[in-house]
Amino acid sequence: SVLLLIACLAFLTVAMTSRFGLVGDLLFVGPTLVAIWAAGYFCFAGYNLWIPAASLSLTVVFSYLATTVYSGLTERRERRRITNIFGQYVDERVVKQLIENPVMSRIGGENREVTILFSDLKGFTKLSEHLGAEKIVKLMNIYLTEMTDIIRHNEGTIDKFIGDSIMAFWGAPLPNPEAPYLACLSALQMQTRLEEMQSRWSEFGDIEVKQRIGINTGVCIIGNVGSERKTNYTAIGDAVNLASRLEGVNKRYGTSILISEFTFSKVAERFVLREIEPVVVQGKTEAVIVYELRARSDEGLGSNSRVFLNLYYQALASHKKGEDAVAANLFRKAMASDSEDPVCQYFLDKIDHLRVKDSSAGGKDAEQK
């Protein structure tokens with residue numbers, strides 16, 4: 001019974017010190033063995049009392065070995081759990097950090113500020129009809145692999161694929177103060193990689209593949225969501241919905257990457273961004289200012305781009321003041337530097353529409369008088 005009691009105490013003590021690694025184990029096992037043999041010698045020499053030091057020592061050693069094996073199996077199981085959950089979502093570097101800090105991998109809903117990215121291919125339905133099932137699947141596999149590699153390399157979490165669409169976010173499962181920057185950087189790299197891939201589409205015929213991207217930053221609920229049979233580590237909330245809507249708003253302006261004012265406030269100094277206008281997206285009542293993401297600020301701007309943006313912002317300022325005649329003239333001057341800029345053309349069409357609308361209203365008022 002004494003040996004059993006010592007074995008239990010040894011097992012519990014080693015289990016408690018195992019969190020300190022080999023140093024903790026030695027701090028327990030070494031002094032314990034020394035104490036057992038010292039007590040045995042003292043009792044036998046002074047009181048002629050025999051203590052089974054060898055048995056007690058073996059009990060401590062076997063308890064240590066059993067605890068070490070148990071801890072190893074437990075750690076291995078925890079490592080496998082983390083890898084199974086997050087290995088398909090995030091880069092292996094993030095998985096390694098989660099394994100080293102398993103507390104951060106606990107699944108459960110929590111409010112967390114993240115930056116969400118949605119991407120979608122332009123004209124995917126028409127492209128599918130043109131290529132057929134076999135070719136479109138092959139093309140999508142190539143496209144999704146390349147885009148996923150960029151997101152994961154930049155510490156993003158792949159949430160899901162929805163046909164040709166990708167949803168990803170930054171800032172979970174590991175908090176990341178660089179989340180807005182990394183999301184914007186990924187978007188630019190995704191566009192660059194897609195342009196580089198155009199030469200690889202020759203086997204699919206004469207096609208051009210382009211994508212639209214929307215990015216937003218906000219507080220979401222992060223966690224494992226789903227049914228009893230299938231769950232998904234995901235982000236849900238208004239911030240996610242806004243990012244999804246911004247991807248679609250690109251159609252209105254002919255742009256490729258739009259970010260919200262909330263993301264803009266966190267990356268304004270690090271990217272070349274163009275303000276467009278406040279937008280009320282579907283499902284929202286308040287307008288959100290949207291910005292076009294054009295380039296990294298450290299890449300520099302050519303003289304034509306600087307002239308273009310200067311004229312554009314002058315035109316936008318006039319438009320905000322209601323000086324649409326001045327604004328239209330400036331938008332046309334801006335298009336002299338970039339004749340295919342869709343945003344300038346959008347504002348010119350908008351100003352023409354407002355002018356026609358005002359003329360019609362004025363004519364109706366005159367008739368009524």
# chains A, B, ... in the order shown; residues from 1 in each chain; ligands from 1

call {"tool": "select_by_dssp", "arguments": {"residues": "region 138-293 of chain A", "states": "strand (DSSP E)", "output": "ChimeraX atom specification"}}
result
/A:157-162,165-170,211-226,231-236,257-260,271-279,288-293

call {"tool": "residues_around", "arguments": {"residues": "region 342-357 of chain A", "least_positions_apart": "2", "cutoff": "12 Å", "atoms": "only C-alpha atoms", "output": "PyMOL selection string"}}
result
chain A and resi 250-256+258+274-277+291-292+308-309+311-316+318-320+322-340+359-364

call {"tool": "atom_distance", "arguments": {"atom1": "CA of Ile236 (chain A)", "atom2": "CA of Trp170 (chain A)"}}
result
13.4 Å

call {"tool": "residues_around", "arguments": {"residues": "Gly163 (chain A)", "least_positions_apart": "5", "cutoff": "10 Å", "atoms": "only C-alpha atoms", "output": "PyMOL selection string"}}
result
chain A and resi 120-121+124+140

call {"tool": "write_last_selection", "arguments": {"atoms": "N, CA, C and O atoms", "output": "PDB file, in the first residue's frame"}}
result
ATOM      1  N   ASP A 120     -14.186  36.827 -56.735  1.00  0.00           N
ATOM      2  CA  ASP A 120     -15.122  36.176 -57.655  1.00  0.00           C
ATOM      3  C   ASP A 120     -14.623  36.409 -59.077  1.00  0.00           C
ATOM      4  O   ASP A 120     -14.058  37.468 -59.373  1.00  0.00           O
ATOM      5  N   LEU A 121     -14.817  35.430 -59.947  1.00  0.00           N
ATOM      6  CA  LEU A 121     -14.393  35.576 -61.341  1.00  0.00           C
ATOM      7  C   LEU A 121     -15.450  36.318 -62.144  1.00  0.00           C
ATOM      8  O   LEU A 121     -16.652  36.093 -61.971  1.00  0.00           O
ATOM      9  N   PHE A 124     -18.196  34.224 -64.972  1.00  0.00           N
ATOM     10  CA  PHE A 124     -17.914  32.800 -64.789  1.00  0.00           C
ATOM     11  C   PHE A 124     -18.955  31.916 -65.474  1.00  0.00           C
ATOM     12  O   PHE A 124     -18.617  30.874 -66.053  1.00  0.00           O
ATOM     13  N   MET A 140     -10.482  25.795 -62.940  1.00  0.00           N
ATOM     14  CA  MET A 140     -10.760  26.219 -61.569  1.00  0.00           C
ATOM     15  C   MET A 140      -9.756  25.632 -60.591  1.00  0.00           C
ATOM     16  O   MET A 140      -9.349  26.299 -59.630  1.00  0.00           O
TER      17      MET A 140
END

call {"tool": "select_by_dssp", "arguments": {"residues": "region 129-309 of chain A", "states": "alpha helix (DSSP H)", "output": "VMD selection string"}}
result
chain A and resid 129 to 131 133 to 153 179 to 197 238 to 253 261 to 267 303 to 309

call {"tool": "residues_around", "arguments": {"residues": "Ile150 (chain A)", "least_positions_apart": "2", "cutoff": "12 Å", "atoms": "only C-alpha atoms", "output": "PDB file with N, CA, C and O atoms, in the first residue's frame"}}
result
ATOM      1  N   VAL A  90      -5.272  27.070 -43.007  1.00  0.00           N
ATOM      2  CA  VAL A  90      -4.201  28.050 -42.844  1.00  0.00           C
ATOM      3  C   VAL A  90      -2.857  27.463 -43.245  1.00  0.00           C
ATOM      4  O   VAL A  90      -2.706  26.258 -43.426  1.00  0.00           O
ATOM      5  N   ASP A  91      -1.873  28.357 -43.345  1.00  0.00           N
ATOM      6  CA  ASP A  91      -0.520  27.958 -43.710  1.00  0.00           C
ATOM      7  C   ASP A  91       0.094  27.116 -42.597  1.00  0.00           C
ATOM      8  O   ASP A  91      -0.246  27.262 -41.423  1.00  0.00           O
ATOM      9  N   TYR A 143      -6.662  27.768 -60.927  1.00  0.00           N
ATOM     10  CA  TYR A 143      -6.918  29.106 -60.380  1.00  0.00           C
ATOM     11  C   TYR A 143      -6.991  29.090 -58.852  1.00  0.00           C
ATOM     12  O   TYR A 143      -6.325  29.884 -58.173  1.00  0.00           O
ATOM     13  N   LEU A 144      -7.782  28.192 -58.293  1.00  0.00           N
ATOM     14  CA  LEU A 144      -7.967  28.150 -56.844  1.00  0.00           C
ATOM     15  C   LEU A 144      -6.679  27.764 -56.124  1.00  0.00           C
ATOM     16  O   LEU A 144      -6.403  28.271 -55.032  1.00  0.00           O
ATOM     17  N   THR A 145      -5.892  26.898 -56.721  1.00  0.00           N
ATOM     18  CA  THR A 145      -4.613  26.522 -56.110  1.00  0.00           C
ATOM     19  C   THR A 145      -3.683  27.716 -56.010  1.00  0.00           C
ATOM     20  O   THR A 145      -3.068  27.973 -54.959  1.00  0.00           O
ATOM     21  N   GLU A 146      -3.576  28.477 -57.092  1.00  0.00           N
ATOM     22  CA  GLU A 146      -2.687  29.637 -57.105  1.00  0.00           C
ATOM     23  C   GLU A 146      -3.141  30.706 -56.110  1.00  0.00           C
ATOM     24  O   GLU A 146      -2.338  31.273 -55.368  1.00  0.00           O
ATOM     25  N   MET A 147      -4.441  30.990 -56.094  1.00  0.00           N
ATOM     26  CA  MET A 147      -4.956  32.019 -55.199  1.00  0.00           C
ATOM     27  C   MET A 147      -4.843  31.591 -53.740  1.00  0.00           C
ATOM     28  O   MET A 147      -4.503  32.389 -52.857  1.00  0.00           O
ATOM     29  N   THR A 148      -5.098  30.307 -53.483  1.00  0.00           N
ATOM     30  CA  THR A 148      -4.998  29.785 -52.123  1.00  0.00           C
ATOM     31  C   THR A 148      -3.574  29.863 -51.601  1.00  0.00           C
ATOM     32  O   THR A 148      -3.337  30.200 -50.437  1.00  0.00           O
ATOM     33  N   ARG A 152      -2.643  31.764 -48.102  1.00  0.00           N
ATOM     34  CA  ARG A 152      -2.022  31.022 -47.004  1.00  0.00           C
ATOM     35  C   ARG A 152      -0.611  31.530 -46.718  1.00  0.00           C
ATOM     36  O   ARG A 152      -0.201  31.622 -45.562  1.00  0.00           O
ATOM     37  N   HIS A 153       0.137  31.867 -47.771  1.00  0.00           N
ATOM     38  CA  HIS A 153       1.494  32.380 -47.579  1.00  0.00           C
ATOM     39  C   HIS A 153       1.475  33.684 -46.798  1.00  0.00           C
ATOM     40  O   HIS A 153       2.395  33.965 -46.015  1.00  0.00           O
ATOM     41  N   ASN A 154       0.426  34.492 -46.987  1.00  0.00           N
ATOM     42  CA  ASN A 154       0.291  35.770 -46.291  1.00  0.00           C
ATOM     43  C   ASN A 154      -0.506  35.644 -44.998  1.00  0.00           C
ATOM     44  O   ASN A 154      -1.112  36.610 -44.531  1.00  0.00           O
ATOM     45  N   GLU A 155      -0.507  34.439 -44.422  1.00  0.00           N
ATOM     46  CA  GLU A 155      -1.074  34.172 -43.097  1.00  0.00           C
ATOM     47  C   GLU A 155      -2.590  34.308 -43.055  1.00  0.00           C
ATOM     48  O   GLU A 155      -3.171  34.540 -41.985  1.00  0.00           O
ATOM     49  N   GLY A 156      -3.230  34.167 -44.202  1.00  0.00           N
ATOM     50  CA  GLY A 156      -4.685  34.206 -44.231  1.00  0.00           C
ATOM     51  C   GLY A 156      -5.294  32.843 -43.968  1.00  0.00           C
ATOM     52  O   GLY A 156      -4.634  31.806 -44.086  1.00  0.00           O
ATOM     53  N   THR A 157      -6.563  32.844 -43.603  1.00  0.00           N
ATOM     54  CA  THR A 157      -7.318  31.620 -43.356  1.00  0.00           C
ATOM     55  C   THR A 157      -8.346  31.443 -44.467  1.00  0.00           C
ATOM     56  O   THR A 157      -9.182  32.328 -44.691  1.00  0.00           O
ATOM     57  N   ILE A 158      -8.268  30.324 -45.165  1.00  0.00           N
ATOM     58  CA  ILE A 158      -9.267  30.029 -46.195  1.00  0.00           C
ATOM     59  C   ILE A 158     -10.543  29.577 -45.517  1.00  0.00           C
ATOM     60  O   ILE A 158     -10.563  28.561 -44.819  1.00  0.00           O
ATOM     61  N   ALA A 168     -11.917  34.393 -47.530  1.00  0.00           N
ATOM     62  CA  ALA A 168     -10.769  34.222 -46.636  1.00  0.00           C
ATOM     63  C   ALA A 168     -10.782  35.355 -45.619  1.00  0.00           C
ATOM     64  O   ALA A 168     -11.416  36.392 -45.831  1.00  0.00           O
ATOM     65  N   LEU A 182      -2.136  42.631 -44.757  1.00  0.00           N
ATOM     66  CA  LEU A 182      -1.912  41.348 -45.425  1.00  0.00           C
ATOM     67  C   LEU A 182      -3.054  41.000 -46.374  1.00  0.00           C
ATOM     68  O   LEU A 182      -2.835  40.401 -47.426  1.00  0.00           O
ATOM     69  N   ALA A 183      -4.271  41.370 -46.001  1.00  0.00           N
ATOM     70  CA  ALA A 183      -5.405  41.120 -46.887  1.00  0.00           C
ATOM     71  C   ALA A 183      -5.285  41.940 -48.167  1.00  0.00           C
ATOM     72  O   ALA A 183      -5.496  41.423 -49.282  1.00  0.00           O
ATOM     73  N   CYS A 184      -4.933  43.215 -48.033  1.00  0.00           N
ATOM     74  CA  CYS A 184      -4.769  44.071 -49.218  1.00  0.00           C
ATOM     75  C   CYS A 184      -3.587  43.624 -50.066  1.00  0.00           C
ATOM     76  O   CYS A 184      -3.663  43.615 -51.302  1.00  0.00           O
ATOM     77  N   LEU A 185      -2.503  43.249 -49.403  1.00  0.00           N
ATOM     78  CA  LEU A 185      -1.332  42.759 -50.123  1.00  0.00           C
ATOM     79  C   LEU A 185      -1.691  41.502 -50.913  1.00  0.00           C
ATOM     80  O   LEU A 185      -1.306  41.348 -52.079  1.00  0.00           O
ATOM     81  N   SER A 186      -2.453  40.611 -50.284  1.00  0.00           N
ATOM     82  CA  SER A 186      -2.867  39.377 -50.961  1.00  0.00           C
ATOM     83  C   SER A 186      -3.716  39.686 -52.183  1.00  0.00           C
ATOM     84  O   SER A 186      -3.556  39.056 -53.235  1.00  0.00           O
ATOM     85  N   ALA A 187      -4.609  40.656 -52.058  1.00  0.00           N
ATOM     86  CA  ALA A 187      -5.476  41.012 -53.182  1.00  0.00           C
ATOM     87  C   ALA A 187      -4.658  41.480 -54.385  1.00  0.00           C
ATOM     88  O   ALA A 187      -4.910  41.075 -55.527  1.00  0.00           O
ATOM     89  N   LEU A 188      -3.674  42.336 -54.132  1.00  0.00           N
ATOM     90  CA  LEU A 188      -2.824  42.813 -55.231  1.00  0.00           C
ATOM     91  C   LEU A 188      -2.011  41.668 -55.831  1.00  0.00           C
ATOM     92  O   LEU A 188      -1.868  41.574 -57.056  1.00  0.00           O
ATOM     93  N   GLN A 189      -1.490  40.809 -54.983  1.00  0.00           N
ATOM     94  CA  GLN A 189      -0.714  39.672 -55.485  1.00  0.00           C
ATOM     95  C   GLN A 189      -1.591  38.692 -56.254  1.00  0.00           C
ATOM     96  O   GLN A 189      -1.141  38.091 -57.241  1.00  0.00           O
ATOM     97  N   MET A 190      -2.828  38.540 -55.841  1.00  0.00           N
ATOM     98  CA  MET A 190      -3.753  37.669 -56.562  1.00  0.00           C
ATOM     99  C   MET A 190      -4.014  38.198 -57.968  1.00  0.00           C
ATOM    100  O   MET A 190      -4.048  37.438 -58.943  1.00  0.00           O
ATOM    101  N   GLN A 191      -4.193  39.510 -58.079  1.00  0.00           N
ATOM    102  CA  GLN A 191      -4.418  40.109 -59.399  1.00  0.00           C
ATOM    103  C   GLN A 191      -3.183  39.960 -60.280  1.00  0.00           C
ATOM    104  O   GLN A 191      -3.280  39.634 -61.475  1.00  0.00           O
ATOM    105  N   THR A 192      -2.008  40.182 -59.694  1.00  0.00           N
ATOM    106  CA  THR A 192      -0.766  40.043 -60.460  1.00  0.00           C
ATOM    107  C   THR A 192      -0.565  38.606 -60.925  1.00  0.00           C
ATOM    108  O   THR A 192      -0.204  38.352 -62.079  1.00  0.00           O
ATOM    109  N   ARG A 193      -0.803  37.658 -60.009  1.00  0.00           N
ATOM    110  CA  ARG A 193      -0.637  36.254 -60.364  1.00  0.00           C
ATOM    111  C   ARG A 193      -1.617  35.844 -61.454  1.00  0.00           C
ATOM    112  O   ARG A 193      -1.255  35.082 -62.370  1.00  0.00           O
ATOM    113  N   LEU A 194      -2.830  36.345 -61.408  1.00  0.00           N
ATOM    114  CA  LEU A 194      -3.821  35.995 -62.425  1.00  0.00           C
ATOM    115  C   LEU A 194      -3.401  36.519 -63.792  1.00  0.00           C
ATOM    116  O   LEU A 194      -3.582  35.838 -64.810  1.00  0.00           O
TER     117      LEU A 194
END
